[in-house]
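Visitor: The structure under discussion is supplied below as structure tokens; questions concerning it will follow.
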2 protein chains.
Amino acid sequence: MSSRETLAEAACELFLERGYDATSVADITQRAGVSRSSFFNYFSSKSDVLWSGLDARIVRATESLIALGSGGDGAAVRAVLREVVADFAPDPLALALRNRSAMGLDEELIRDTGVRQVRLAGAISDAARSTGMDEIRADIIGAAHAAALLSSLRVWAEHGAGFGAPESVLDGALRDIGDLNWT
Amino acid sequence: MSSRETLAEAACELFLERGYDATSVADITQRAGVSRSSFFNYFSSKSDVLWSGLDARIVRATESLIALGSGGDGAAVRAVLREVVADFAPDPLALALRNRSAMGLDEELIRDTGVRQVRLAGAISDAARSTGMDEIRADIIGAAHAAALLSSLRVWAEHGAGFGAPESVLDGALRDIGDLNWT
DNA sequence: TGAGTAATTGGATGCGGTCTAACAATACCC
DNA sequence: GGGTATTGTTAGACCGCATCCAATTACTCA
């Protein structure tokens, strides 16, 4: 098993046992049997253990959105978003979302989901604006789509595999956008 | 002048001169002529200098949204959001939004706006869900409204006072929600 | 003036994160 | 096999943010 996997596994164990805040990087490396320095060879931060999987998918999605250029319509964007959540299953983030109270992660997850949500929203907003859309409207559309993705992921992770694939949850969420009237 | 104001002023000066990252808390307190310990009597963190104003408004808005109970409709929520940006003018955050590149804040602001956006979105989502709305749909509506607010604030701050009051920018943005069709 | 309260301070402590120089292990090439 | 480049791993120093506390100063008011 690679050092990276060993570290991720040790980290998830400790997060579940003592909670996220009460687990230091030194604790993780000690259980994994490597030096503290090694941790940062594989993860850019403590929270990166949880988020690196989704972050990589968001990076790829951002590149895809840029590649759409000015010809990207809503359907193309939705297709990119579906790929972000496809085959997401065995990921530390899914574990964290399912056990967020046990890990004492409620506050931490709000922070970190916010970062990812606004990052993804920015990429979608850029794609929308490159088609000539107004700046603020593009931000709103970007935020709505990013929220649909993160919220779908959260709901899917909470329900275990009882909801089928995350794509299907996301599909339902994306259908909600486009008619957000709220009188 | 109160210590708090002195500290905020010194911080903003240094952020403009050297950038946010290159300014340590010790630098701020040194220029303000107080001890480093005092800083944390008035601000919970370095970034709190920029965000405490908006954070307090979001806290009040969250309380108002909770007070709406199950009778809150879209118009009531929009009224609460208008109050968040009303009379926002002389605030360190507005300064930071206007000079974010000079302060080297681009990355930092993405992080921090994400936190506030998702926090506000959560409060709106809770209000929507308390009226019986579906969980994911409520999240999307919350994110759209929160994005409208933060985006309006950003656009308004960037344009100086050339756009009139921030409420008017927000009003235009809120009108965009409700019809986010994107074929 | 004196007592009590609030403001302020120094300092120790812990943690996250960066950086560098050195050491070990592995693969590769002649 | 021997030498070499590359990669993985390590110790350790270093810095800044943030928390905590005990002590001290400044202020208020009777």
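Residues in the structure tokens are named by chain (A, B, ... in the order shown) and by number from 1 within that chain; ligands are numbered from 1 in the order shown.
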Give me the residues near DG11 of chain C as a PyMOL selection string, where near means some atom within 12 Å (using only C-alpha atoms (C1' of nucleotides)) and where sequence neighbours in that chain fewer than 6 positions away do not count.
Guide: (chain B and resi 35-37) or (chain D and resi 20-23)
Visitor: Set the distance at 7 Å and use only C-alpha atoms (C1' of nucleotides): which residues neighbour segment 82-90 of chain B once local chain neighbours fewer than 6 positions away are removed? I'd like the list as a count of residues only.
Guide: 5
Visitor: Just list the residues in segment 7-161 of chain A DSSP gives alpha helix (DSSP H) on the backbone, as a ChimeraX atom specification.
Guide: /A:7-18,25-32,36-42,48-68,74-85,92-98,106-129,135-158
Visitor: Any chance you can output those residues with C-alpha atoms as a JSON list (two decimals), in the first residue's frame?
Guide:
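Saved the output as result32.json:
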```
[["chain", "number", "residue", "atom", "x", "y", "z"],
["A", 7, "LEU", "CA", -1.88, 8.23, 5.50],
["A", 8, "ALA", "CA", -5.43, 8.69, 4.25],
["A", 9, "GLU", "CA", -6.56, 5.58, 6.04],
["A", 10, "ALA", "CA", -4.88, 6.54, 9.30],
["A", 11, "ALA", "CA", -6.36, 10.02, 9.06],
["A", 12, "CYS", "CA", -9.90, 8.77, 8.52],
["A", 13, "GLU", "CA", -9.59, 6.35, 11.42],
["A", 14, "LEU", "CA", -8.43, 9.08, 13.76],
["A", 15, "PHE", "CA", -11.05, 11.54, 12.55],
["A", 16, "LEU", "CA", -13.70, 8.98, 13.41],
["A", 17, "GLU", "CA", -12.14, 8.10, 16.77],
["A", 18, "ARG", "CA", -11.29, 11.54, 18.16],
["A", 25, "VAL", "CA", -1.00, 15.97, 11.56],
["A", 26, "ALA", "CA", 1.60, 14.46, 13.88],
["A", 27, "ASP", "CA", -1.02, 12.01, 15.14],
["A", 28, "ILE", "CA", -1.79, 10.92, 11.61],
["A", 29, "THR", "CA", 1.81, 10.37, 10.61],
["A", 30, "GLN", "CA", 2.53, 8.56, 13.85],
["A", 31, "ARG", "CA", -0.25, 6.06, 13.25],
["A", 32, "ALA", "CA", 0.74, 5.71, 9.62],
["A", 36, "ARG", "CA", 5.52, 14.30, 9.72],
["A", 37, "SER", "CA", 7.42, 15.70, 6.76],
["A", 38, "SER", "CA", 6.10, 12.94, 4.55],
["A", 39, "PHE", "CA", 2.52, 13.98, 5.12],
["A", 40, "PHE", "CA", 3.01, 17.17, 3.16],
["A", 41, "ASN", "CA", 4.61, 15.26, 0.32],
["A", 42, "TYR", "CA", 1.22, 13.71, -0.34],
["A", 48, "ASP", "CA", -6.73, 17.93, 1.73],
["A", 49, "VAL", "CA", -7.04, 14.34, 2.91],
["A", 50, "LEU", "CA", -10.77, 14.73, 2.68],
["A", 51, "TRP", "CA", -11.03, 17.00, -0.34],
["A", 52, "SER", "CA", -8.27, 16.05, -2.76],
["A", 53, "GLY", "CA", -10.52, 13.64, -4.63],
["A", 54, "LEU", "CA", -13.26, 16.17, -5.30],
["A", 55, "ASP", "CA", -10.75, 18.94, -5.89],
["A", 56, "ALA", "CA", -9.12, 16.99, -8.69],
["A", 57, "ARG", "CA", -12.51, 16.43, -10.28],
["A", 58, "ILE", "CA", -13.30, 20.13, -10.00],
["A", 59, "VAL", "CA", -10.00, 20.98, -11.66],
["A", 60, "ARG", "CA", -10.83, 18.69, -14.57],
["A", 61, "ALA", "CA", -14.31, 20.15, -14.77],
["A", 62, "THR", "CA", -12.90, 23.65, -14.84],
["A", 63, "GLU", "CA", -10.64, 22.72, -17.75],
["A", 64, "SER", "CA", -13.58, 21.19, -19.57],
["A", 65, "LEU", "CA", -15.64, 24.31, -19.01],
["A", 66, "ILE", "CA", -12.86, 26.50, -20.37],
["A", 67, "ALA", "CA", -12.57, 24.22, -23.38],
["A", 68, "LEU", "CA", -16.24, 24.82, -24.13],
["A", 74, "GLY", "CA", -26.56, 24.76, -20.44],
["A", 75, "ALA", "CA", -26.67, 21.15, -21.59],
["A", 76, "ALA", "CA", -22.92, 21.05, -22.11],
["A", 77, "VAL", "CA", -22.34, 22.45, -18.63],
["A", 78, "ARG", "CA", -24.67, 19.94, -17.09],
["A", 79, "ALA", "CA", -22.82, 17.15, -18.84],
["A", 80, "VAL", "CA", -19.56, 18.37, -17.32],
["A", 81, "LEU", "CA", -21.14, 18.46, -13.89],
["A", 82, "ARG", "CA", -22.43, 14.93, -14.20],
["A", 83, "GLU", "CA", -18.89, 13.75, -14.76],
["A", 84, "VAL", "CA", -17.76, 15.40, -11.55],
["A", 85, "VAL", "CA", -19.93, 13.14, -9.43],
["A", 92, "PRO", "CA", -12.71, 9.98, 2.18],
["A", 93, "LEU", "CA", -15.08, 12.88, 1.55],
["A", 94, "ALA", "CA", -18.04, 10.54, 1.23],
["A", 95, "LEU", "CA", -17.05, 9.01, 4.54],
["A", 96, "ALA", "CA", -16.75, 12.43, 6.11],
["A", 97, "LEU", "CA", -20.12, 13.58, 4.81],
["A", 98, "ARG", "CA", -21.74, 10.47, 6.22],
["A", 106, "ASP", "CA", -19.98, 20.37, 11.04],
["A", 107, "GLU", "CA", -18.18, 23.67, 11.22],
["A", 108, "GLU", "CA", -15.20, 22.55, 9.20],
["A", 109, "LEU", "CA", -17.35, 21.16, 6.40],
["A", 110, "ILE", "CA", -19.25, 24.41, 6.09],
["A", 111, "ARG", "CA", -15.97, 26.21, 5.58],
["A", 112, "ASP", "CA", -14.58, 23.76, 3.09],
["A", 113, "THR", "CA", -17.72, 23.13, 1.08],
["A", 114, "GLY", "CA", -18.01, 26.88, 0.76],
["A", 115, "VAL", "CA", -14.59, 27.08, -0.82],
["A", 116, "ARG", "CA", -15.33, 24.34, -3.32],
["A", 117, "GLN", "CA", -18.79, 25.61, -4.07],
["A", 118, "VAL", "CA", -17.61, 29.09, -4.85],
["A", 119, "ARG", "CA", -14.68, 27.75, -6.87],
["A", 120, "LEU", "CA", -16.91, 25.59, -9.01],
["A", 121, "ALA", "CA", -19.48, 28.36, -9.22],
["A", 122, "GLY", "CA", -16.78, 30.68, -10.53],
["A", 123, "ALA", "CA", -15.83, 28.27, -13.28],
["A", 124, "ILE", "CA", -19.44, 27.86, -14.36],
["A", 125, "SER", "CA", -19.95, 31.60, -14.14],
["A", 126, "ASP", "CA", -16.96, 32.20, -16.38],
["A", 127, "ALA", "CA", -18.34, 29.76, -18.91],
["A", 128, "ALA", "CA", -21.71, 31.48, -18.85],
["A", 129, "ARG", "CA", -20.19, 34.93, -19.13],
["A", 135, "GLU", "CA", -21.93, 39.23, -14.84],
["A", 136, "ILE", "CA", -24.23, 38.99, -11.86],
["A", 137, "ARG", "CA", -26.67, 36.70, -13.61],
["A", 138, "ALA", "CA", -23.77, 34.43, -14.53],
["A", 139, "ASP", "CA", -22.69, 34.35, -10.88],
["A", 140, "ILE", "CA", -26.18, 33.35, -9.81],
["A", 141, "ILE", "CA", -26.41, 30.60, -12.39],
["A", 142, "GLY", "CA", -22.97, 29.37, -11.43],
["A", 143, "ALA", "CA", -23.85, 29.33, -7.74],
["A", 144, "ALA", "CA", -27.12, 27.51, -8.39],
["A", 145, "HIS", "CA", -25.43, 24.79, -10.40],
["A", 146, "ALA", "CA", -22.56, 24.43, -7.94],
["A", 147, "ALA", "CA", -25.01, 24.20, -5.05],
["A", 148, "ALA", "CA", -26.98, 21.58, -6.91],
["A", 149, "LEU", "CA", -23.84, 19.50, -7.23],
["A", 150, "LEU", "CA", -22.60, 19.84, -3.66],
["A", 151, "SER", "CA", -26.06, 19.42, -2.20],
["A", 152, "SER", "CA", -26.67, 16.33, -4.30],
["A", 153, "LEU", "CA", -23.39, 14.90, -3.20],
["A", 154, "ARG", "CA", -24.20, 15.54, 0.44],
["A", 155, "VAL", "CA", -27.67, 14.05, 0.24],
["A", 156, "TRP", "CA", -26.39, 11.06, -1.68],
["A", 157, "ALA", "CA", -23.56, 10.46, 0.80],
["A", 158, "GLU", "CA", -25.89, 10.72, 3.77]]
```
Visitor: Find the residues around DC15 of chain C up to 12 Å (only C-alpha atoms (C1' of nucleotides) counted), leave out those fewer than 4 positions away in its own chain, and share them as a count of residues only.
Guide: 12
Visitor: Sorted by chain and rising residue number, list the residues of chain C at most 12 Å from chain A (counting only C-alpha atoms (C1' of nucleotides)), each with its closest atom pair and distance in Å to one decimal, as CSV.
Guide:
```
residue,atom,partner,partner_atom,distance
C:DG14,C1',A:Ser24,CA,10.1
C:DC15,C1',A:Ser24,CA,7.3
C:DG16,C1',A:Ser45,CA,7.9
C:DG17,C1',A:Ser45,CA,7.6
C:DT18,C1',A:Phe40,CA,9.7
C:DC19,C1',A:Ser37,CA,10.7
C:DT20,C1',A:Ser37,CA,11.9
```
Visitor: Residues as selected, C-alpha atoms (C1' of nucleotides), written as a PDB file, in the first residue's frame, can you do that?
Guide:
```pdb
ATOM      1  C1'  DG C  14       0.098  24.208  20.395  1.00  0.00           C
ATOM      2  C1'  DC C  15      -0.790  23.508  15.624  1.00  0.00           C
ATOM      3  C1'  DG C  16      -0.582  24.083  10.611  1.00  0.00           C
ATOM      4  C1'  DG C  17       2.383  24.774   7.049  1.00  0.00           C
ATOM      5  C1'  DT C  18       6.991  25.860   4.491  1.00  0.00           C
ATOM      6  C1'  DC C  19      11.581  25.055   3.509  1.00  0.00           C
ATOM      7  C1'  DT C  20      16.102  22.903   3.089  1.00  0.00           C
TER       8       DT C  20
END
```
Visitor: Considering only C-alpha atoms (C1' of nucleotides), state which residue in the set D:DC14, D:DT9, D:DT24, D:DC29 is at the smallest distance from chain A.
Guide: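 Closest residue, counting only C-alpha atoms (C1' of nucleotides): D:DT9.
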Visitor: Excluding DC27 of chain D and residues on its chain fewer than 6 positions from it, collect all residues at most 10 Å away from it, counting only C-alpha atoms (C1' of nucleotides), and give them as an mmCIF file with C-alpha atoms (C1' of nucleotides), in the first residue's frame.
Guide:
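out_6.cif was written with the following content:
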```cif
data_model
loop_
_atom_site.group_PDB
_atom_site.id
_atom_site.type_symbol
_atom_site.label_atom_id
_atom_site.label_comp_id
_atom_site.auth_asym_id
_atom_site.auth_seq_id
_atom_site.Cartn_x
_atom_site.Cartn_y
_atom_site.Cartn_z
ATOM 1 C "C1'" DT C 5 -14.332 46.643 37.098
ATOM 2 C "C1'" DA C 6 -12.705 46.801 32.436
ATOM 3 C "C1'" DA C 7 -8.877 47.114 29.375
#
```
Visitor: Enumerate as a PDB file with N, CA and C atoms (P, O5', C5', C4', C3', O3' and C1' of nucleotides), in the first residue's frame the residues belonging to chain D that approach chain A to within 10 Å, with only C-alpha atoms (C1' of nucleotides) taken into account.
Guide:
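Output file part-v2.pdb follows:
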```
ATOM      1  P    DG D   8       8.390   9.490  -6.018  1.00  0.00           P
ATOM      2  O5'  DG D   8       8.869   8.952  -4.596  1.00  0.00           O
ATOM      3  C5'  DG D   8       9.283   7.602  -4.478  1.00  0.00           C
ATOM      4  C4'  DG D   8       9.790   7.333  -3.062  1.00  0.00           C
ATOM      5  C3'  DG D   8       8.898   7.883  -1.956  1.00  0.00           C
ATOM      6  O3'  DG D   8       8.828   6.927  -0.898  1.00  0.00           O
ATOM      7  C1'  DG D   8      11.075   8.775  -1.741  1.00  0.00           C
ATOM      8  P    DT D   9       7.877   7.169   0.346  1.00  0.00           P
ATOM      9  O5'  DT D   9       8.830   7.769   1.460  1.00  0.00           O
ATOM     10  C5'  DT D   9      10.002   7.027   1.836  1.00  0.00           C
ATOM     11  C4'  DT D   9      10.839   7.825   2.794  1.00  0.00           C
ATOM     12  C3'  DT D   9      10.045   8.552   3.886  1.00  0.00           C
ATOM     13  O3'  DT D   9      10.275   7.882   5.130  1.00  0.00           O
ATOM     14  C1'  DT D   9      11.845   9.869   3.005  1.00  0.00           C
ATOM     15  P    DT D  10       9.578   8.375   6.471  1.00  0.00           P
ATOM     16  O5'  DT D  10      10.679   9.326   7.087  1.00  0.00           O
ATOM     17  C5'  DT D  10      12.019   8.860   7.211  1.00  0.00           C
ATOM     18  C4'  DT D  10      12.948   9.999   7.541  1.00  0.00           C
ATOM     19  C3'  DT D  10      12.456  10.919   8.662  1.00  0.00           C
ATOM     20  O3'  DT D  10      13.055  10.527   9.878  1.00  0.00           O
ATOM     21  C1'  DT D  10      13.533  12.109   6.853  1.00  0.00           C
ATOM     22  P    DA D  11      12.476  11.063  11.265  1.00  0.00           P
ATOM     23  O5'  DA D  11      13.466  12.259  11.576  1.00  0.00           O
ATOM     24  C5'  DA D  11      14.871  12.043  11.496  1.00  0.00           C
ATOM     25  C4'  DA D  11      15.600  13.377  11.577  1.00  0.00           C
ATOM     26  C3'  DA D  11      15.160  14.266  12.742  1.00  0.00           C
ATOM     27  O3'  DA D  11      16.330  14.751  13.412  1.00  0.00           O
ATOM     28  C1'  DA D  11      14.951  15.436  10.673  1.00  0.00           C
ATOM     29  P    DG D  12      16.218  15.452  14.831  1.00  0.00           P
ATOM     30  O5'  DG D  12      16.209  16.997  14.435  1.00  0.00           O
ATOM     31  C5'  DG D  12      17.077  17.458  13.415  1.00  0.00           C
ATOM     32  C4'  DG D  12      16.669  18.850  12.983  1.00  0.00           C
ATOM     33  C3'  DG D  12      15.958  19.655  14.086  1.00  0.00           C
ATOM     34  O3'  DG D  12      16.552  20.924  14.188  1.00  0.00           O
ATOM     35  C1'  DG D  12      14.772  19.772  12.078  1.00  0.00           C
TER      36       DG D  12
END
```
